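Visitor: What follows is the file model.txt, containing compact mmCIF, C-alpha atoms:
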# COMPACT_ATOMS: atom_id res chain seq x y z
CA MET X 9 56.14 97.28 67.28
CA VAL X 10 55.81 95.36 64.02
CA PHE X 11 56.41 91.63 63.95
CA THR X 12 58.17 90.14 60.96
CA PHE X 13 57.00 87.00 59.22
CA GLU X 14 59.78 85.06 60.90
CA THR X 15 58.65 86.28 64.32
CA TRP X 16 55.04 85.23 63.66
CA LEU X 17 56.31 81.86 62.48
CA TRP X 18 58.22 81.26 65.70
CA ILE X 19 55.25 82.37 67.81
CA SER X 20 52.97 79.99 65.90
CA LEU X 21 55.42 77.13 66.33
CA ALA X 22 55.68 77.87 70.06
CA ILE X 23 51.88 77.83 70.42
CA LEU X 24 51.61 74.56 68.51
CA ALA X 25 54.35 73.05 70.66
CA HIS X 26 52.51 74.05 73.87
CA VAL X 27 49.24 72.63 72.52
CA GLY X 28 51.03 69.41 71.61
CA VAL X 29 52.58 69.09 75.07
CA TYR X 30 49.19 69.80 76.69
CA LEU X 31 47.45 67.13 74.61
CA PHE X 32 50.23 64.64 75.37
CA VAL X 33 50.06 65.25 79.13
CA MET X 34 46.25 65.28 79.27
CA ARG X 35 45.74 62.24 77.04
CA LYS X 36 43.73 59.38 78.49
CA GLN X 37 45.75 56.71 80.22
CA PRO X 38 44.43 53.25 79.33
CA LYS X 39 43.09 51.04 82.10
CA MET X 40 45.12 47.94 82.93
CA LEU X 41 43.67 44.43 82.94
CA VAL X 42 46.48 42.51 84.65
CA GLY X 43 44.89 40.35 87.34
CA ARG X 44 41.42 41.74 86.64
CA HIS X 45 38.38 39.56 86.01
CA VAL X 46 36.84 40.01 82.56
CA VAL X 47 33.57 38.31 81.58
CA ILE X 48 32.70 38.01 77.89
CA THR X 49 29.32 36.79 76.70
CA GLY X 50 29.31 35.17 73.29
CA GLY X 51 32.97 34.40 73.95
CA SER X 52 33.13 31.04 72.22
CA ARG X 53 33.56 32.33 68.64
CA GLY X 54 33.71 35.39 66.40
CA ILE X 55 34.37 38.80 67.89
CA GLY X 56 33.75 37.50 71.42
CA LEU X 57 36.45 34.84 71.12
CA CYS X 58 38.91 37.37 69.69
CA LEU X 59 38.14 39.71 72.59
CA ALA X 60 38.80 36.88 75.04
CA VAL X 61 42.20 36.27 73.43
CA GLU X 62 43.05 40.00 73.52
CA CYS X 63 42.12 40.23 77.22
CA ALA X 64 44.13 37.12 78.01
CA MET X 65 47.15 38.65 76.26
CA LYS X 66 46.81 41.68 78.52
CA GLY X 67 47.03 39.50 81.62
CA ALA X 68 43.35 39.37 82.58
CA ASN X 69 41.56 36.47 84.23
CA VAL X 70 38.87 35.63 81.70
CA THR X 71 35.46 33.95 81.87
CA VAL X 72 33.73 33.20 78.56
CA ILE X 73 29.99 32.57 78.46
CA ALA X 74 27.99 30.91 75.69
CA ARG X 75 25.73 27.88 75.17
CA ASP X 76 28.00 25.48 73.26
CA GLU X 77 30.27 23.69 75.75
CA LYS X 78 32.55 22.25 73.07
CA LEU X 79 33.29 25.69 71.61
CA LEU X 80 33.72 27.15 75.10
CA SER X 81 36.27 24.52 76.12
CA GLY X 82 38.13 25.25 72.89
CA ALA X 83 38.18 28.97 73.74
CA VAL X 84 39.69 28.24 77.17
CA ALA X 85 42.28 25.93 75.61
CA LEU X 86 43.27 28.70 73.19
CA MET X 87 43.72 31.19 76.04
CA GLU X 88 45.84 28.67 77.94
CA LEU X 89 48.26 28.67 75.01
CA ILE X 90 48.88 32.41 75.35
CA ARG X 91 48.99 32.57 79.16
CA GLN X 92 50.87 35.68 80.29
CA ARG X 93 51.16 34.93 84.02
CA PRO X 94 51.62 31.70 86.00
CA ASP X 95 48.61 32.57 88.18
CA GLN X 96 46.39 33.67 85.29
CA LYS X 97 43.02 31.90 85.27
CA PHE X 98 40.50 31.07 82.56
CA GLN X 99 37.11 29.45 82.83
CA TYR X 100 33.87 29.03 80.91
CA ARG X 101 30.21 28.78 81.77
CA CYS X 102 27.37 27.36 79.69
CA LEU X 103 24.54 29.82 80.22
CA ASP X 104 21.48 31.18 78.44
CA ILE X 105 21.89 34.84 79.35
CA ALA X 106 18.43 35.66 77.97
CA SER X 107 16.74 33.41 80.52
CA ASN X 108 15.28 34.44 83.87
CA TYR X 109 17.28 37.25 85.51
CA ASP X 110 17.64 35.42 88.82
CA ASP X 111 19.20 32.43 87.06
CA VAL X 112 21.69 34.68 85.28
CA ALA X 113 22.51 36.57 88.49
CA ASN X 114 23.12 33.32 90.42
CA ALA X 115 25.39 32.04 87.65
CA LEU X 116 27.43 35.26 87.61
CA LYS X 117 27.71 35.13 91.39
CA GLU X 118 29.14 31.62 91.15
CA ILE X 119 31.54 32.77 88.43
CA GLU X 120 32.85 35.52 90.74
CA GLU X 121 33.55 32.98 93.47
CA GLY X 122 36.20 31.46 91.25
CA LEU X 123 37.91 34.54 89.77
CA GLY X 124 36.81 37.47 91.91
CA ASP X 125 34.52 40.44 91.26
CA ILE X 126 33.85 41.25 87.63
CA TYR X 127 35.88 44.32 86.62
CA MET X 128 34.95 44.31 82.94
CA LEU X 129 31.81 42.95 81.30
CA VAL X 130 31.76 42.58 77.53
CA ASN X 131 28.25 42.02 76.20
CA CYS X 132 29.08 40.35 72.89
CA ALA X 133 26.42 37.65 72.54
CA GLY X 134 24.05 38.36 69.68
CA MET X 135 22.43 37.09 66.52
CA ALA X 136 20.81 38.40 63.34
CA ILE X 137 17.83 37.19 61.34
CA CYS X 138 17.07 39.16 58.20
CA GLY X 139 14.03 39.48 55.98
CA VAL X 140 11.19 41.80 55.04
CA TYR X 141 9.45 42.80 58.24
CA GLU X 142 6.31 40.68 57.91
CA ASP X 143 8.29 37.65 56.70
CA ILE X 144 10.14 37.33 60.02
CA SER X 145 8.12 35.18 62.42
CA VAL X 146 6.96 36.54 65.76
CA GLU X 147 9.04 33.85 67.47
CA ASP X 148 12.22 34.97 65.65
CA ALA X 149 11.52 38.62 66.41
CA ARG X 150 11.20 37.79 70.12
CA LYS X 151 14.36 35.66 69.96
CA LEU X 152 16.31 38.61 68.55
CA MET X 153 15.15 40.87 71.36
CA ASP X 154 15.81 38.19 73.99
CA ILE X 155 19.39 37.51 72.94
CA ASN X 156 20.49 40.94 71.73
CA TYR X 157 18.78 43.09 74.35
CA TRP X 158 17.66 41.03 77.35
CA GLY X 159 20.90 39.04 77.43
CA SER X 160 22.89 42.27 77.76
CA TYR X 161 20.36 43.69 80.21
CA ASN X 162 20.51 40.69 82.55
CA CYS X 163 24.31 40.59 82.78
CA THR X 164 24.62 44.37 83.10
CA ARG X 165 21.88 44.50 85.73
CA TYR X 166 23.94 42.19 87.93
CA VAL X 167 27.35 43.91 87.66
CA LEU X 168 26.19 47.53 87.63
CA PRO X 169 25.38 48.06 91.35
CA LYS X 170 28.64 46.41 92.37
CA MET X 171 30.66 48.54 89.95
CA LYS X 172 28.95 51.68 91.23
CA ASP X 173 29.80 50.78 94.82
CA ALA X 174 33.40 50.06 93.87
CA HIS X 175 33.63 53.28 91.78
CA GLU X 176 35.32 51.37 89.00
CA GLY X 177 34.49 49.00 86.17
CA ILE X 178 34.02 48.78 82.42
CA ILE X 179 30.92 47.67 80.52
CA VAL X 180 30.97 47.09 76.76
CA PHE X 181 27.79 46.83 74.71
CA THR X 182 28.14 45.33 71.24
CA SER X 183 25.48 46.89 69.03
CA SER X 184 25.75 47.44 65.27
CA LEU X 185 25.85 50.12 62.60
CA ALA X 186 22.23 49.02 62.07
CA ALA X 187 21.48 50.88 65.31
CA LEU X 188 22.17 54.19 63.52
CA PHE X 189 19.42 54.09 60.89
CA GLY X 190 16.86 51.61 59.60
CA ILE X 191 18.01 49.37 56.74
CA TYR X 192 15.87 47.30 54.40
CA GLY X 193 15.61 43.71 55.63
CA TYR X 194 16.97 44.34 59.13
CA GLY X 195 13.65 45.26 60.84
CA PRO X 196 13.46 43.36 64.17
CA TYR X 197 17.26 43.04 64.33
CA THR X 198 17.64 46.80 64.01
CA ALA X 199 15.02 47.32 66.73
CA SER X 200 16.96 45.08 69.13
CA LYS X 201 20.24 46.87 68.40
CA TYR X 202 18.60 50.28 68.85
CA ALA X 203 17.52 49.05 72.27
CA VAL X 204 21.11 48.11 73.12
CA ARG X 205 22.29 51.52 71.95
CA GLY X 206 19.72 53.30 74.13
CA MET X 207 20.67 51.18 77.14
CA ALA X 208 24.35 51.97 76.67
CA GLU X 209 23.75 55.72 76.33
CA THR X 210 21.56 55.82 79.43
CA ILE X 211 23.91 53.80 81.62
CA ALA X 212 26.91 55.84 80.46
CA MET X 213 25.19 59.03 81.59
CA GLU X 214 24.18 57.50 84.93
CA THR X 215 27.57 56.04 85.84
CA ARG X 216 30.43 58.08 84.39
CA HIS X 217 30.65 60.37 87.43
CA LEU X 218 30.94 57.24 89.60
CA GLY X 219 33.98 55.91 87.74
CA VAL X 220 32.17 53.25 85.70
CA LEU X 221 33.04 53.45 81.99
CA VAL X 222 30.72 52.38 79.18
CA THR X 223 31.69 51.67 75.57
CA LEU X 224 29.21 51.19 72.74
CA ALA X 225 30.72 49.11 69.93
CA LEU X 226 29.20 49.60 66.48
CA PRO X 227 30.87 47.00 64.26
CA ALA X 228 30.12 46.78 60.55
CA ASP X 229 29.81 43.45 58.73
CA THR X 230 32.44 41.16 60.21
CA ASN X 231 33.75 37.82 58.98
CA THR X 232 32.28 35.58 61.70
CA PRO X 233 30.13 32.42 61.85
CA GLY X 234 27.23 34.65 62.86
CA PHE X 235 27.63 36.69 59.69
CA GLU X 236 27.59 33.50 57.61
CA ASN X 237 24.22 32.57 59.14
CA GLU X 238 22.96 36.11 58.63
CA GLU X 239 23.76 35.92 54.92
CA LYS X 240 21.40 32.95 54.54
CA THR X 241 18.34 35.09 55.36
CA LYS X 242 19.36 38.41 53.77
CA PRO X 243 17.17 39.73 50.93
CA LYS X 244 19.04 40.80 47.81
CA GLU X 245 18.34 44.47 48.58
CA THR X 246 19.99 44.12 51.99
CA LYS X 247 23.07 42.45 50.56
CA ILE X 248 23.55 45.27 48.04
CA ILE X 249 23.00 48.06 50.58
CA SER X 250 25.17 46.59 53.33
CA GLY X 251 27.78 45.01 51.07
CA GLY X 252 29.44 48.24 49.99
CA GLY X 253 31.43 48.54 53.19
CA GLY X 254 33.37 45.32 52.79
CA LEU X 255 33.97 42.71 55.47
CA ALA X 256 36.06 43.36 58.58
CA GLU X 257 38.13 40.68 60.30
CA PRO X 258 37.06 39.84 63.88
CA GLN X 259 40.62 40.19 65.22
CA HIS X 260 40.79 43.81 64.07
CA VAL X 261 37.32 44.59 65.41
CA ALA X 262 38.11 43.01 68.78
CA LYS X 263 41.38 44.89 69.15
CA SER X 264 39.63 48.19 68.34
CA ILE X 265 36.81 47.53 70.83
CA LEU X 266 39.18 46.63 73.64
CA ASN X 267 41.47 49.62 73.04
CA ASP X 268 38.50 52.00 73.05
CA ALA X 269 37.08 50.44 76.21
CA LEU X 270 40.40 50.69 78.07
CA GLN X 271 40.79 54.30 76.90
CA GLY X 272 37.32 55.13 78.23
CA ASN X 273 35.90 56.02 74.81
CA PHE X 274 32.14 55.76 74.58
CA ILE X 275 32.07 54.97 70.85
CA SER X 276 34.08 52.16 69.25
CA ILE X 277 34.11 52.00 65.45
CA LEU X 278 36.51 50.73 62.81
CA GLY X 279 37.02 52.24 59.37
CA ALA X 280 36.16 55.42 57.50
CA GLU X 281 32.67 54.30 56.45
CA SER X 282 31.76 53.43 60.04
CA TRP X 283 33.03 56.83 61.18
CA PHE X 284 30.94 58.57 58.51
CA LEU X 285 27.73 56.70 59.38
CA THR X 286 28.26 57.09 63.12
CA LEU X 287 28.85 60.81 62.80
CA LEU X 288 25.61 61.21 60.84
CA GLY X 289 23.50 58.80 62.88
CA GLY X 290 24.82 59.64 66.34
CA GLY X 291 24.94 63.41 66.50
CA LEU X 292 24.36 63.40 70.27
CA PHE X 293 26.86 60.65 71.02
CA ARG X 294 29.51 61.52 73.58
CA TRP X 295 32.61 61.84 71.41
CA GLY X 296 35.92 62.41 73.13
CA GLY X 297 37.98 65.56 72.93
CA PHE X 298 37.29 69.24 72.25
CA PHE X 299 39.12 69.33 68.92
CA GLN X 300 37.33 66.21 67.70
CA ASN X 301 33.97 67.85 68.38
CA ILE X 302 35.06 71.00 66.56
CA LEU X 303 35.99 68.86 63.55
CA HIS X 304 32.58 67.19 63.67
CA ALA X 305 30.82 70.56 63.80
CA ILE X 306 32.65 71.64 60.65
CA LEU X 307 31.96 68.41 58.77
CA LEU X 308 28.35 67.67 59.77
CA GLY X 309 26.75 70.14 57.35
CA PRO X 310 28.44 68.85 54.18
CA LEU X 311 28.12 65.24 55.32
CA ARG X 312 24.38 65.70 55.79
CA ILE X 313 24.13 66.40 52.05
CA VAL X 314 26.12 63.25 51.35
CA GLY X 315 23.68 61.38 53.58
CA CYS X 316 20.76 62.54 51.43
CA PHE X 317 22.40 61.11 48.33
CA LEU X 318 23.10 57.91 50.23
CA HIS X 319 19.39 57.47 50.98
CA LEU X 320 18.55 58.16 47.34
CA HIS X 321 20.98 55.39 46.38
CA PHE X 322 19.29 52.98 48.80
CA GLU X 323 15.86 53.83 47.38
CA ARG X 324 17.14 53.25 43.84
CA VAL X 325 18.49 49.83 44.83
CA ILE X 326 15.13 48.84 46.33
CA LYS X 327 13.19 50.02 43.27
CA ASN X 328 15.50 48.18 40.88
CA CYS X 329 15.17 44.96 42.85
CA ALA X 330 11.38 45.32 42.93
CA LYS X 331 11.39 45.79 39.18
CA GLU X 332 13.49 42.64 38.71
CA LYS X 333 11.02 40.64 40.78
CA LYS X 334 8.12 41.77 38.59
CA ASP X 335 10.01 40.87 35.43
Could I get this file's structure written as structure tokens?

Guide:
Amino acid sequence: MVFTFETWLWISLAILAHVGVYLFVMRKQPKMLVGRHVVITGGSRGIGLCLAVECAMKGANVTVIARDEKLLSGAVALMELIRQRPDQKFQYRCLDIASNYDDVANALKEIEEGLGDIYMLVNCAGMAICGVYEDISVEDARKLMDINYWGSYNCTRYVLPKMKDAHEGIIVFTSSLAALFGIYGYGPYTASKYAVRGMAETIAMETRHLGVLVTLALPADTNTPGFENEEKTKPKETKIISGGGGLAEPQHVAKSILNDALQGNFISILGAESWFLTLLGGGLFRWGGFFQNILHAILLGPLRIVGCFLHLHFERVIKNCAKEKKD
């Protein structure tokens, strides 16, 4: 029996239709936040504040944590303006999350007394100090690790056992594209963000079978007050290398992070450049979907060559800047 071209066409269309139906039925259903308690560190400004607004718009009860009470009260006032339910609750807590673990745990316990058990923890507090490695003081290097790593560790350490027992929960770690490869001028900052990345990968592997979802956010440069402070300490080489990707808006980054977290995606990135760098720098990341992994397998070889040229470009930038300094 010989099939005609038209027959093969209809068979192909039928197969594609079945694959499409299968993917539609098996797609991930997003988690719902209505009535759930969401805690966001660094929630007084920047990406953290935008995440708080997004969660409030989805009906969550939200607690924002930071150290500036004036900014925190402003964040709560903003969420009150977009209240979705009459019984929706918002609160803030002034807290140094990088302090002693017991102090952080006691504060989070008190927070839960007001709004219930924490269903979603968003570790968004962080800071950046740039400079050539030896130019960054020991005190600043320790501060970066305290805020970026230990702050996330302390909060996660408290919620994790409870989420495991409940067999549900979401934890978001906000790292950076700087956690994918070392960049001139980002030394101690990169080290702290690598630590966050490693923590997220480990916890994801330990908890996924228990129903606890982990998302690792890798935002690029974002138009926030923190980025403005970061620019003050950036060497010229760093500005040239990192400036090619443009500047994302915090609202877009926050929306992307929250959508990925509710979908159960481990990686949260925004933009083609971020996708390219994450694919190259996170080959063992847990990407979602069989077809997505097949696509990555096809693209990784050619992209590795592109990556080599990218490093050559970085080296050229550094050499040119060094030459300018001598002149």

Visitor: Counting all atoms listed in the file, which residues of stretch 186-293 of chain X sit at most 10 Å from some atom of stretch 112-132 of chain X, and what is each one's closest atom pair with its distance in Å to one decimal, listed by chain and rising residue number, as JSON lines?

Guide:
{"residue": "X:Val204", "atom": "CA", "partner": "X:Asn131", "partner_atom": "CA", "distance": 9.9}
{"residue": "X:Val220", "atom": "CA", "partner": "X:Tyr127", "partner_atom": "CA", "distance": 9.7}
{"residue": "X:Leu221", "atom": "CA", "partner": "X:Met128", "partner_atom": "CA", "distance": 9.4}
{"residue": "X:Val222", "atom": "CA", "partner": "X:Leu129", "partner_atom": "CA", "distance": 9.7}
{"residue": "X:Thr223", "atom": "CA", "partner": "X:Val130", "partner_atom": "CA", "distance": 9.3}
{"residue": "X:Leu224", "atom": "CA", "partner": "X:Asn131", "partner_atom": "CA", "distance": 9.8}
{"residue": "X:Ala225", "atom": "CA", "partner": "X:Cys132", "partner_atom": "CA", "distance": 9.4}
{"residue": "X:Ile265", "atom": "CA", "partner": "X:Val130", "partner_atom": "CA", "distance": 9.7}
{"residue": "X:Leu266", "atom": "CA", "partner": "X:Val130", "partner_atom": "CA", "distance": 9.3}
{"residue": "X:Ala269", "atom": "CA", "partner": "X:Met128", "partner_atom": "CA", "distance": 9.3}
{"residue": "X:Leu270", "atom": "CA", "partner": "X:Met128", "partner_atom": "CA", "distance": 9.7}

Visitor: Enter the distance from atom CA of X:Ala262 to atom CA of X:Ile178, in Å, rounded to one decimal.

Guide: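 Separating atom CA of X:Ala262 from atom CA of X:Ile178 is a distance of 15.4 Å.
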
Visitor: Considering all atoms listed in the file, state which residue in the set X:Gly177, X:Ser81, X:Leu288, X:Gln99 is at the smallest distance from X:Leu41.

Guide: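 Residue with the minimum atom-to-atom distance to X:Leu41: X:Gly177.
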
Visitor: Tell me, as an MDAnalysis selection string, which residues lie within 8 Å of stretch 101-110 of chain X, counting all atoms listed in the file; anything in the same chain fewer than 4 positions away does not count.

Guide: chainID X and resid 71:77 80 114:115 119 154:155 158:160 162:163

Visitor: For a test of reading the model, state the distance in Å between atom CA of X:Glu236 and atom CA of X:Gly195, rounded to one decimal.

Guide: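 Going from atom CA of X:Glu236 over to atom CA of X:Gly195, I get 18.5 Å.
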
Visitor: Just the residues within 10 Å of stretch 314-319 of chain X, please, counting only C-alpha atoms, with nothing from its chain fewer than 5 positions along; format it as a PyMOL selection string.

Guide: chain X and resi 249+284-285+288-289+308-309+324-325

Visitor: Using atom CA of X:Phe322 and atom CA of X:Ile248 as the two end points, give the distance in Å to one decimal.

Guide: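 These atoms are spaced 8.8 Å apart.
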
Visitor: Env of X:Pro258: 9 Å cut, atoms = only C-alpha atoms, seq-sep filter 2 positions within chain, self excluded. Answer as a PyMOL selection string.

Guide: chain X and resi 54-59+230-232+256+260-263

Visitor: Which polymer residues have any atom within 10 Å of an atom of X:Ile144, counting all atoms listed in the file, with same-chain residues fewer than 6 positions away left out, as a PyMOL selection string?

Guide: chain X and resi 137-138+193-196+241

Visitor: For the residues in the current selection, export C-alpha atoms as a tab-separated table (two decimals), in the coordinates of the input.

Guide:
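Full text of result.tsv as output:
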chain	number	residue	atom	x	y	z
X	137	ILE	CA	17.83	37.19	61.34
X	138	CYS	CA	17.07	39.16	58.20
X	193	GLY	CA	15.61	43.71	55.63
X	194	TYR	CA	16.97	44.34	59.13
X	195	GLY	CA	13.65	45.26	60.84
X	196	PRO	CA	13.46	43.36	64.17
X	241	THR	CA	18.34	35.09	55.36

Visitor: Nearest to X:Phe189 among X:Ala133, X:Leu79, X:Leu287, X:Cys329, with distances taken over all atoms listed in the file: which residue is it?

Guide: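 Nearest to X:Phe189: X:Leu287.
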
Visitor: Which of these, X:Ala199, X:Ala228, X:Val180, X:Leu152, has the shortest distance to X:Ile211 once you count all atoms listed in the file?

Guide: X:Val180

Visitor: For X:Val167, which residue among X:Val47, X:Leu255, X:Ala149, X:Ala60 is the nearest when counting all atoms listed in the file?

Guide: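 Closest candidate: X:Val47.
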
Visitor: Let me make sure I understand: among X:Asn156, X:Asn273, X:Thr246, X:Gln300, which one has the smallest atom-to-atom distance to X:Ala203 if we use all atoms listed in the file?

Guide: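 Looking only at the distances to X:Ala203, the closest residue turns out to be X:Asn156.
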
Visitor: Which residue, X:Gly253, X:Ala136, X:Val46, X:Leu278, has the smallest gap to X:Asp229 when you use all atoms listed in the file?

Guide: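 Result for the nearest residue to X:Asp229: X:Gly253.
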